[in-house]
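One file, structure.csv, is given below (CSV, C-alpha atoms).
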```
chain,number,residue,atom,x,y,z
A,954,MET,CA,81.2,44.2,53.8
A,955,SER,CA,81.8,42.6,57.2
A,956,ASN,CA,81.4,39.1,55.9
A,957,THR,CA,83.8,39.9,53.0
A,958,LYS,CA,86.5,41.1,55.4
A,959,LYS,CA,86.0,38.1,57.7
A,960,GLN,CA,86.3,35.7,54.7
A,961,HIS,CA,89.4,37.5,53.5
A,962,TRP,CA,90.9,37.1,56.9
A,963,LYS,CA,90.2,33.4,56.9
A,964,ASP,CA,91.6,33.0,53.3
A,965,LYS,CA,94.9,34.7,54.3
A,966,LEU,CA,95.2,32.5,57.4
A,967,TYR,CA,94.4,29.4,55.4
A,968,GLU,CA,97.1,30.3,52.8
A,969,ILE,CA,99.7,30.7,55.6
A,970,ILE,CA,98.8,27.5,57.4
A,971,TYR,CA,98.1,25.1,54.5
A,972,GLU,CA,100.3,26.4,51.7
A,973,ALA,CA,104.1,26.6,51.6
A,974,ASP,CA,104.7,28.3,48.3
A,975,THR,CA,104.4,31.8,49.8
A,976,PRO,CA,107.2,33.4,51.9
A,977,VAL,CA,104.9,33.7,54.9
A,978,GLY,CA,103.7,30.1,54.5
A,979,LYS,CA,107.3,28.9,54.4
A,980,LEU,CA,108.2,30.9,57.5
A,981,PHE,CA,105.2,29.4,59.3
A,982,ASP,CA,106.3,25.8,58.4
A,983,VAL,CA,109.9,26.5,59.5
A,984,ILE,CA,108.8,27.9,62.8
A,985,LEU,CA,106.4,25.0,63.4
A,986,LEU,CA,109.2,22.5,62.6
A,987,ILE,CA,111.4,24.2,65.2
A,988,PHE,CA,108.7,24.0,67.9
A,989,ILE,CA,108.0,20.3,67.0
A,990,LEU,CA,111.7,19.4,67.4
A,991,ALA,CA,111.9,21.5,70.6
A,992,SER,CA,108.9,19.7,72.1
A,993,ILE,CA,110.3,16.3,71.3
A,994,LEU,CA,113.6,17.4,73.0
A,995,LEU,CA,111.7,18.5,76.1
A,996,VAL,CA,110.0,15.1,76.3
A,997,MET,CA,113.3,13.3,76.1
A,998,LEU,CA,115.0,15.6,78.6
A,999,GLU,CA,112.1,15.2,81.0
A,1000,SER,CA,112.6,11.5,81.1
A,1001,VAL,CA,116.2,11.9,82.4
A,1002,SER,CA,115.7,12.0,86.2
A,1003,TRP,CA,118.6,14.3,87.1
A,1004,ILE,CA,117.7,16.8,84.4
A,1005,ASP,CA,114.0,16.8,85.4
A,1006,ALA,CA,115.0,17.3,89.1
A,1007,ASP,CA,117.2,20.3,88.3
A,1008,TYR,CA,115.2,22.0,85.6
A,1009,HIS,CA,111.7,20.7,86.2
A,1010,ASN,CA,110.1,24.2,86.3
A,1011,ALA,CA,111.9,25.4,83.1
A,1012,LEU,CA,110.8,22.2,81.3
A,1013,TYR,CA,107.3,22.6,82.5
A,1014,ILE,CA,107.0,26.2,81.4
A,1015,GLY,CA,108.5,25.4,78.0
A,1016,GLU,CA,106.1,22.6,77.6
A,1017,TRP,CA,103.1,24.9,78.4
A,1018,ILE,CA,104.4,27.5,75.9
A,1019,ILE,CA,104.7,25.0,73.1
A,1020,THR,CA,101.3,23.4,74.0
A,1021,ILE,CA,99.6,26.7,73.8
A,1022,LEU,CA,101.1,27.5,70.5
A,1023,PHE,CA,100.1,24.1,69.1
A,1024,SER,CA,96.6,24.7,70.5
A,1025,ILE,CA,96.4,28.0,68.6
A,1026,GLU,CA,97.6,26.2,65.5
A,1027,TYR,CA,95.0,23.4,65.9
A,1028,ILE,CA,92.2,25.9,66.4
A,1029,ALA,CA,93.4,27.9,63.4
A,1030,ARG,CA,93.4,24.8,61.2
A,1031,ILE,CA,89.8,24.0,62.2
A,1032,ILE,CA,88.3,27.5,61.6
A,1033,THR,CA,90.0,28.0,58.2
A,1034,VAL,CA,88.8,24.8,56.5
A,1035,LYS,CA,85.4,24.3,54.9
A,1036,LYS,CA,84.7,21.0,56.6
A,1037,PRO,CA,86.2,21.1,60.1
A,1038,THR,CA,85.1,17.6,61.0
A,1039,LYS,CA,87.0,16.2,58.0
A,1040,TYR,CA,90.2,17.7,59.3
A,1041,ILE,CA,89.5,16.8,63.0
A,1042,PHE,CA,89.1,13.1,62.1
A,1043,SER,CA,91.9,13.0,59.5
A,1044,PHE,CA,95.3,11.4,60.2
A,1045,TYR,CA,97.0,14.8,60.8
A,1046,GLY,CA,94.0,16.1,62.7
A,1047,ILE,CA,94.2,13.2,65.2
A,1048,ILE,CA,98.0,13.6,65.5
A,1049,ASP,CA,97.6,17.4,66.1
A,1050,PHE,CA,95.0,16.6,68.8
A,1051,LEU,CA,97.2,14.0,70.5
A,1052,SER,CA,100.1,16.5,70.6
A,1053,ILE,CA,98.1,19.0,72.8
A,1054,ILE,CA,95.7,17.0,74.8
A,1055,PRO,CA,98.0,15.2,77.4
A,1056,ILE,CA,99.0,18.4,79.3
A,1057,TYR,CA,95.4,19.5,79.5
A,1058,LEU,CA,94.4,16.1,80.9
A,1059,SER,CA,96.7,16.8,83.9
A,1060,PHE,CA,93.9,19.1,85.3
A,1061,PHE,CA,91.7,16.0,85.7
A,1062,PHE,CA,94.4,13.8,87.4
A,1063,VAL,CA,94.8,15.0,90.9
A,1064,GLY,CA,96.5,13.1,93.7
A,1065,GLY,CA,99.5,10.8,94.1
A,1066,GLN,CA,97.7,7.7,92.9
A,1067,ALA,CA,97.2,9.2,89.5
A,1068,LEU,CA,100.9,10.2,88.9
A,1069,VAL,CA,101.6,6.9,87.0
A,1070,ALA,CA,98.7,7.4,84.7
A,1071,LEU,CA,99.5,11.1,84.2
A,1072,ARG,CA,103.1,10.2,83.3
A,1073,ALA,CA,101.8,7.7,80.7
A,1074,LEU,CA,99.5,10.3,79.2
A,1075,ARG,CA,102.2,13.0,79.0
A,1076,LEU,CA,104.4,10.6,77.1
A,1077,LEU,CA,101.7,10.8,74.3
A,1078,ARG,CA,103.4,14.1,73.4
A,1079,ILE,CA,106.0,12.0,71.6
A,1080,PHE,CA,103.4,11.7,68.9
A,1081,ARG,CA,104.3,15.2,67.8
A,1082,ILE,CA,107.1,13.6,65.9
A,1083,LEU,CA,104.4,12.4,63.5
A,1084,LYS,CA,103.6,16.0,62.7
A,1085,LEU,CA,106.9,16.0,60.8
A,1086,ALA,CA,105.5,13.7,58.2
A,1087,ARG,CA,103.4,16.6,56.9
A,1088,TYR,CA,106.6,18.2,55.6
A,1089,LEU,CA,108.2,15.1,54.0
A,1090,GLY,CA,107.0,15.0,50.4
A,1091,ALA,CA,108.5,11.5,49.9
A,1092,SER,CA,106.5,10.1,52.8
A,1093,ASN,CA,103.3,10.4,50.7
A,1094,GLN,CA,104.8,8.1,48.1
A,1095,LEU,CA,106.0,5.6,50.7
A,1096,ALA,CA,102.6,5.6,52.4
A,1097,ALA,CA,101.0,5.0,49.0
A,1098,ALA,CA,103.4,2.1,48.3
A,1099,ILE,CA,102.6,0.5,51.7
A,1100,LYS,CA,98.9,0.9,51.1
A,1101,ALA,CA,99.1,-0.7,47.6
A,1102,SER,CA,101.2,-3.6,49.1
A,1103,ARG,CA,98.9,-4.2,52.1
A,1104,ALA,CA,97.2,-7.3,50.5
A,1105,LYS,CA,100.5,-9.0,49.7
A,1106,ILE,CA,102.0,-8.1,53.1
A,1107,SER,CA,98.9,-9.4,54.9
A,1108,VAL,CA,99.2,-12.7,53.1
A,1109,PHE,CA,102.9,-12.9,53.9
A,1110,LEU,CA,102.2,-12.1,57.6
A,1111,PHE,CA,99.5,-14.8,57.7
A,1112,ALA,CA,102.0,-17.3,56.3
A,1113,VAL,CA,104.6,-16.3,58.9
A,1114,ILE,CA,102.0,-16.8,61.7
A,1115,ILE,CA,101.0,-20.2,60.4
A,1116,ALA,CA,104.7,-21.3,60.2
A,1117,SER,CA,105.4,-20.0,63.7
A,1118,ILE,CA,102.5,-22.0,65.1
A,1119,ILE,CA,103.5,-25.1,63.3
A,1120,PHE,CA,107.2,-24.9,64.3
A,1121,GLY,CA,106.4,-23.7,67.8
A,1122,THR,CA,104.2,-26.7,68.4
A,1123,LEU,CA,106.8,-29.0,66.9
A,1124,MET,CA,109.5,-27.6,69.2
A,1125,TYR,CA,107.1,-28.1,72.2
A,1126,LEU,CA,106.8,-31.7,71.3
A,1127,VAL,CA,110.6,-32.2,70.7
A,1128,GLU,CA,112.0,-30.2,73.6
A,1129,GLY,CA,109.3,-30.3,76.2
A,1130,GLU,CA,109.0,-28.5,79.6
A,1131,ALA,CA,112.4,-29.8,80.7
A,1132,HIS,CA,114.2,-27.5,78.3
A,1133,GLY,CA,112.1,-24.4,78.9
A,1134,PHE,CA,109.4,-25.0,76.3
A,1135,THR,CA,106.7,-25.2,79.0
A,1136,ASN,CA,103.7,-24.6,76.7
A,1137,ILE,CA,102.8,-24.0,73.1
A,1138,PRO,CA,102.3,-20.2,73.3
A,1139,LYS,CA,105.8,-19.9,74.8
A,1140,SER,CA,107.2,-22.2,72.1
A,1141,VAL,CA,105.5,-20.0,69.4
A,1142,TYR,CA,107.0,-16.9,71.0
A,1143,TRP,CA,110.5,-18.6,70.7
A,1144,CYS,CA,109.8,-19.5,67.1
A,1145,ILE,CA,108.9,-15.9,66.2
A,1146,VAL,CA,112.0,-14.5,68.0
A,1147,THR,CA,114.2,-17.0,66.2
A,1148,LEU,CA,112.4,-16.5,62.8
A,1149,THR,CA,113.0,-12.8,63.0
A,1150,THR,CA,116.7,-13.4,63.8
A,1151,VAL,CA,116.3,-11.5,67.1
A,1152,GLY,CA,117.4,-14.3,69.4
A,1153,PHE,CA,116.9,-13.2,73.0
A,1154,GLY,CA,118.5,-16.3,74.3
A,1155,ASP,CA,116.0,-16.8,77.1
A,1156,ILE,CA,115.0,-20.2,75.7
A,1157,ALA,CA,117.2,-22.5,73.6
A,1158,PRO,CA,116.8,-26.0,72.3
A,1159,GLU,CA,119.1,-28.6,73.8
A,1160,THR,CA,118.4,-31.8,71.9
A,1161,PRO,CA,120.1,-32.5,68.6
A,1162,LEU,CA,116.7,-32.7,66.8
A,1163,GLY,CA,115.6,-29.4,68.3
A,1164,GLN,CA,118.8,-27.7,67.4
A,1165,PHE,CA,118.4,-29.0,63.8
A,1166,ILE,CA,114.9,-27.5,63.6
A,1167,ALA,CA,116.1,-24.2,65.1
A,1168,THR,CA,118.8,-24.1,62.4
A,1169,ILE,CA,116.2,-24.5,59.6
A,1170,ILE,CA,114.1,-21.7,61.3
A,1171,MET,CA,117.0,-19.3,61.5
A,1172,ILE,CA,117.9,-19.9,57.8
A,1173,MET,CA,114.3,-19.3,56.9
A,1174,GLY,CA,114.4,-16.1,58.9
A,1175,TYR,CA,117.0,-14.5,56.6
A,1176,GLY,CA,114.8,-15.1,53.6
A,1177,ILE,CA,111.6,-14.0,55.3
A,1178,ILE,CA,113.0,-10.6,56.4
A,1179,ALA,CA,113.7,-9.6,52.8
A,1180,VAL,CA,110.1,-10.4,51.5
A,1181,PRO,CA,108.1,-7.4,52.9
A,1182,THR,CA,111.0,-5.1,52.0
A,1183,GLY,CA,111.0,-6.4,48.5
A,1184,ILE,CA,107.2,-6.0,48.1
A,1185,VAL,CA,107.2,-2.4,49.3
A,1186,SER,CA,110.3,-1.5,47.4
A,1187,ALA,CA,108.9,-2.9,44.2
A,1188,GLU,CA,105.6,-1.0,44.6
A,1189,TYR,CA,107.5,2.2,45.5
A,1190,THR,CA,109.7,2.0,42.5
A,1191,ARG,CA,106.7,1.3,40.2
A,1192,LYS,CA,104.9,4.4,41.5
A,1193,VAL,CA,107.9,6.6,41.1
A,1194,ASN,CA,108.5,5.3,37.6
A,1195,ASN,CA,104.9,5.9,36.7
A,1196,GLU,CA,105.0,9.5,37.9
A,1197,GLU,CA,108.2,10.1,36.0
A,1198,LYS,CA,106.7,8.6,32.9
A,1199,GLU,CA,103.6,10.7,33.2
A,1200,ASN,CA,105.7,13.9,33.5
A,1201,ASN,CA,107.9,12.9,30.5
A,1202,ASP,CA,104.8,12.2,28.4
A,1203,GLU,CA,103.6,15.8,28.9
A,1204,PRO,CA,104.7,18.3,26.1
A,1205,GLU,CA,105.7,20.7,28.8
A,1206,LYS,CA,106.9,20.1,32.3
A,1207,ILE,CA,104.1,20.2,34.9
A,1208,HIS,CA,104.7,22.5,37.8
A,1209,LEU,CA,103.0,21.4,41.0
A,1210,ASN,CA,102.4,23.6,44.1
A,1211,SER,CA,101.6,23.1,47.7
A,1212,GLN,CA,98.1,24.5,47.4
A,1213,SER,CA,95.7,22.5,49.6
A,1214,CYS,CA,92.0,22.0,48.8
A,1215,ARG,CA,89.8,23.3,51.6
A,1216,ASN,CA,87.2,20.6,50.9
A,1217,CYS,CA,89.3,17.4,50.8
A,1218,PHE,CA,92.8,18.6,51.7
A,1219,ALA,CA,94.3,17.2,48.5
A,1220,THR,CA,97.7,18.7,47.6
A,1221,ARG,CA,100.0,18.8,44.5
A,1222,HIS,CA,97.8,20.8,42.2
A,1223,LYS,CA,99.0,22.3,39.0
A,1224,ASP,CA,99.9,26.0,39.1
A,1225,GLU,CA,97.2,26.9,36.7
A,1226,ALA,CA,94.6,24.5,38.2
A,1227,GLU,CA,91.2,26.1,39.0
A,1228,TYR,CA,89.5,23.0,40.5
A,1229,CYS,CA,90.7,20.2,42.8
A,1230,TYR,CA,91.7,17.1,40.9
A,1231,ASN,CA,90.3,14.9,43.7
A,1232,CYS,CA,86.9,16.4,44.6
A,1233,GLY,CA,86.3,19.1,41.9
A,1234,HIS,CA,86.0,21.9,44.5
A,1235,ASN,CA,87.0,25.4,43.3
A,1236,LEU,CA,90.4,26.0,44.7
A,1237,HIS,CA,89.9,29.8,44.8
A,1238,ILE,CA,86.5,29.8,46.5
A,1239,SER,CA,86.2,28.9,50.2
```

Full structure transcribed into structure tokens:
Amino acid sequence: MSNTKKQHWKDKLYEIIYEADTPVGKLFDVILLIFILASILLVMLESVSWIDADYHNALYIGEWIITILFSIEYIARIITVKKPTKYIFSFYGIIDFLSIIPIYLSFFFVGGQALVALRALRLLRIFRILKLARYLGASNQLAAAIKASRAKISVFLFAVIIASIIFGTLMYLVEGEAHGFTNIPKSVYWCIVTLTTVGFGDIAPETPLGQFIATIIMIMGYGIIAVPTGIVSAEYTRKVNNEEKENNDEPEKIHLNSQSCRNCFATRHKDEAEYCYNCGHNLHIS
């Protein structure tokens, strides 16, 4: 009897935290979003010196309140899943951990010499913004498109690196130390800055041949910028079209819900589904 009640309590908590189809689940997500945005605002305000000087105590108390709430959420997510380690080492599990750990680390950094390190650690709180990705449905499609494009993008980046090394070395030979191209690494840096059309202006070719080469690099830059965008966009469009085609091929429209598998955390299950489409785990048995 006791085990049944305990399991029922865990099931209800799991439904609130991991599913957004129920009124309570939606309310939990809205409240969590508000605290995430509030925590990001606190980090930004704390970085403004005069605001931090006047309202340091208020900001500090607010940060502790939000951290405690996020800590409770993190613990609740761990105790309600079937395989806690799978959640802990998942992308969102790591992000959730990074969102709470900086302020606790402040207990281990005592003394003025550690203030710089402490400040850097506390800035890790900005990772809380990544918690928002959990609530953006389209982000899953974008992530899948980037993952599917990784081989093409890797080849593209490798080609860009090779081109930068070649042109950087060439500019080093043409311009030389007299015009700021003191070594090959610095020349490669200039080439990358020029190729990406950033153009800091700290180094610039002065010889006619060097300026001609720079012109070619800048023109190449406009074409290069569009390549990874086109690769990801094409993959994203293909995935969206495939999903729409699959839905149109069904005799009846498929209704998907936000139910999350307690075994593998897969979402987007059919309303009438009994088992997880990813791992086969029974969706109704913990």

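The residue that comes closest to A:Leu1236, out of A:Lys979, A:Lys1223, A:His961, A:Arg1191 and on the basis of all atoms listed in the file, is A:Lys1223.
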
Which neighbours of stretch 1182-1186 of chain A fall inside 9 Å, counting only C-alpha atoms, when residues of the same chain fewer than 3 positions from it are skipped, and could you give them as a PDB file with C-alpha atoms, in the frame of the given file?
```pdb
ATOM      1  CA  LEU A1095     106.000   5.600  50.700  1.00  0.00           C
ATOM      2  CA  ALA A1098     103.400   2.100  48.300  1.00  0.00           C
ATOM      3  CA  ILE A1099     102.600   0.500  51.700  1.00  0.00           C
ATOM      4  CA  ALA A1101      99.100  -0.700  47.600  1.00  0.00           C
ATOM      5  CA  SER A1102     101.200  -3.600  49.100  1.00  0.00           C
ATOM      6  CA  ARG A1103      98.900  -4.200  52.100  1.00  0.00           C
ATOM      7  CA  LYS A1105     100.500  -9.000  49.700  1.00  0.00           C
ATOM      8  CA  ILE A1106     102.000  -8.100  53.100  1.00  0.00           C
ATOM      9  CA  ILE A1178     113.000 -10.600  56.400  1.00  0.00           C
ATOM     10  CA  ALA A1179     113.700  -9.600  52.800  1.00  0.00           C
ATOM     11  CA  TYR A1189     107.500   2.200  45.500  1.00  0.00           C
ATOM     12  CA  THR A1190     109.700   2.000  42.500  1.00  0.00           C
ATOM     13  CA  ARG A1191     106.700   1.300  40.200  1.00  0.00           C
TER      14      ARG A1191
END
```

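By chain and then residue number, the residues within 12 Å of A:Ile1032 are Lys959, Gln960, Trp962, Lys963, Asp964, Leu966, Tyr967, Ile970, Ile1025, Glu1026, Tyr1027, Ile1028, Ala1029, Arg1030, Val1034, Lys1035, Lys1036, Pro1037, Thr1038, Lys1039, Tyr1040, Ile1041, Arg1215 and Ser1239 of chain A, counting all atoms listed in the file and disregarding those fewer than 2 positions away in sequence.
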
Next item on the list: List the neighbours of stretch 1003-1016 of chain A out to 12 Å using only C-alpha atoms; skip same-chain residues closer than 3 positions along the sequence, and give me the result as number ranges by chain.
Entry: A: 988-989, 991-1000, 1019-1023, 1052-1053, 1055-1057, 1075, 1078

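Reported to one decimal place, the separation of atom CA of A:Gly1152 from atom CA of A:Ala1112 is 20.4 Å.
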
Checklist line | Separation of atom CA of A:Cys1214 from atom CA of A:Ile1031 in Å | finding: 13.7 Å

Check: Interatomic distance between atom CA of A:Gln1094 and atom CA of A:Ala1187?
Finding: 12.4 Å

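Each of A:Asn1231, A:Ser1059, A:Ser1117, A:Ser1107 was compared to A:Ile1137 using all atoms listed in the file, and A:Ser1117 turns out to be the nearest.
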
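Using all atoms listed in the file, the nearest neighbour of A:Gly1176 within the list A:Thr1149, A:Tyr971, A:Thr1160, A:Ala1116 is A:Thr1149.
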
Next item on the list: Name the residues in contact with A:Thr1147 at a cut-off of 8 Å, using all atoms listed in the file, excluding same-chain residues fewer than 6 positions from it; report them as a PyMOL selection string.
Entry: chain A and resi 1167+1170-1171+1174

Can you pull out every residue within 9 Å of A:Ala1157, counting all atoms listed in the file, but drop anything in the same chain fewer than 4 positions away, and send it as a PDB file with C-alpha atoms, in the coordinates of the input?
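result.pdb written:
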```
ATOM      1  CA  HIS A1132     114.200 -27.500  78.300  1.00  0.00           C
ATOM      2  CA  GLY A1133     112.100 -24.400  78.900  1.00  0.00           C
ATOM      3  CA  PHE A1134     109.400 -25.000  76.300  1.00  0.00           C
ATOM      4  CA  TRP A1143     110.500 -18.600  70.700  1.00  0.00           C
ATOM      5  CA  GLY A1163     115.600 -29.400  68.300  1.00  0.00           C
ATOM      6  CA  GLN A1164     118.800 -27.700  67.400  1.00  0.00           C
ATOM      7  CA  ALA A1167     116.100 -24.200  65.100  1.00  0.00           C
TER       8      ALA A1167
END
```
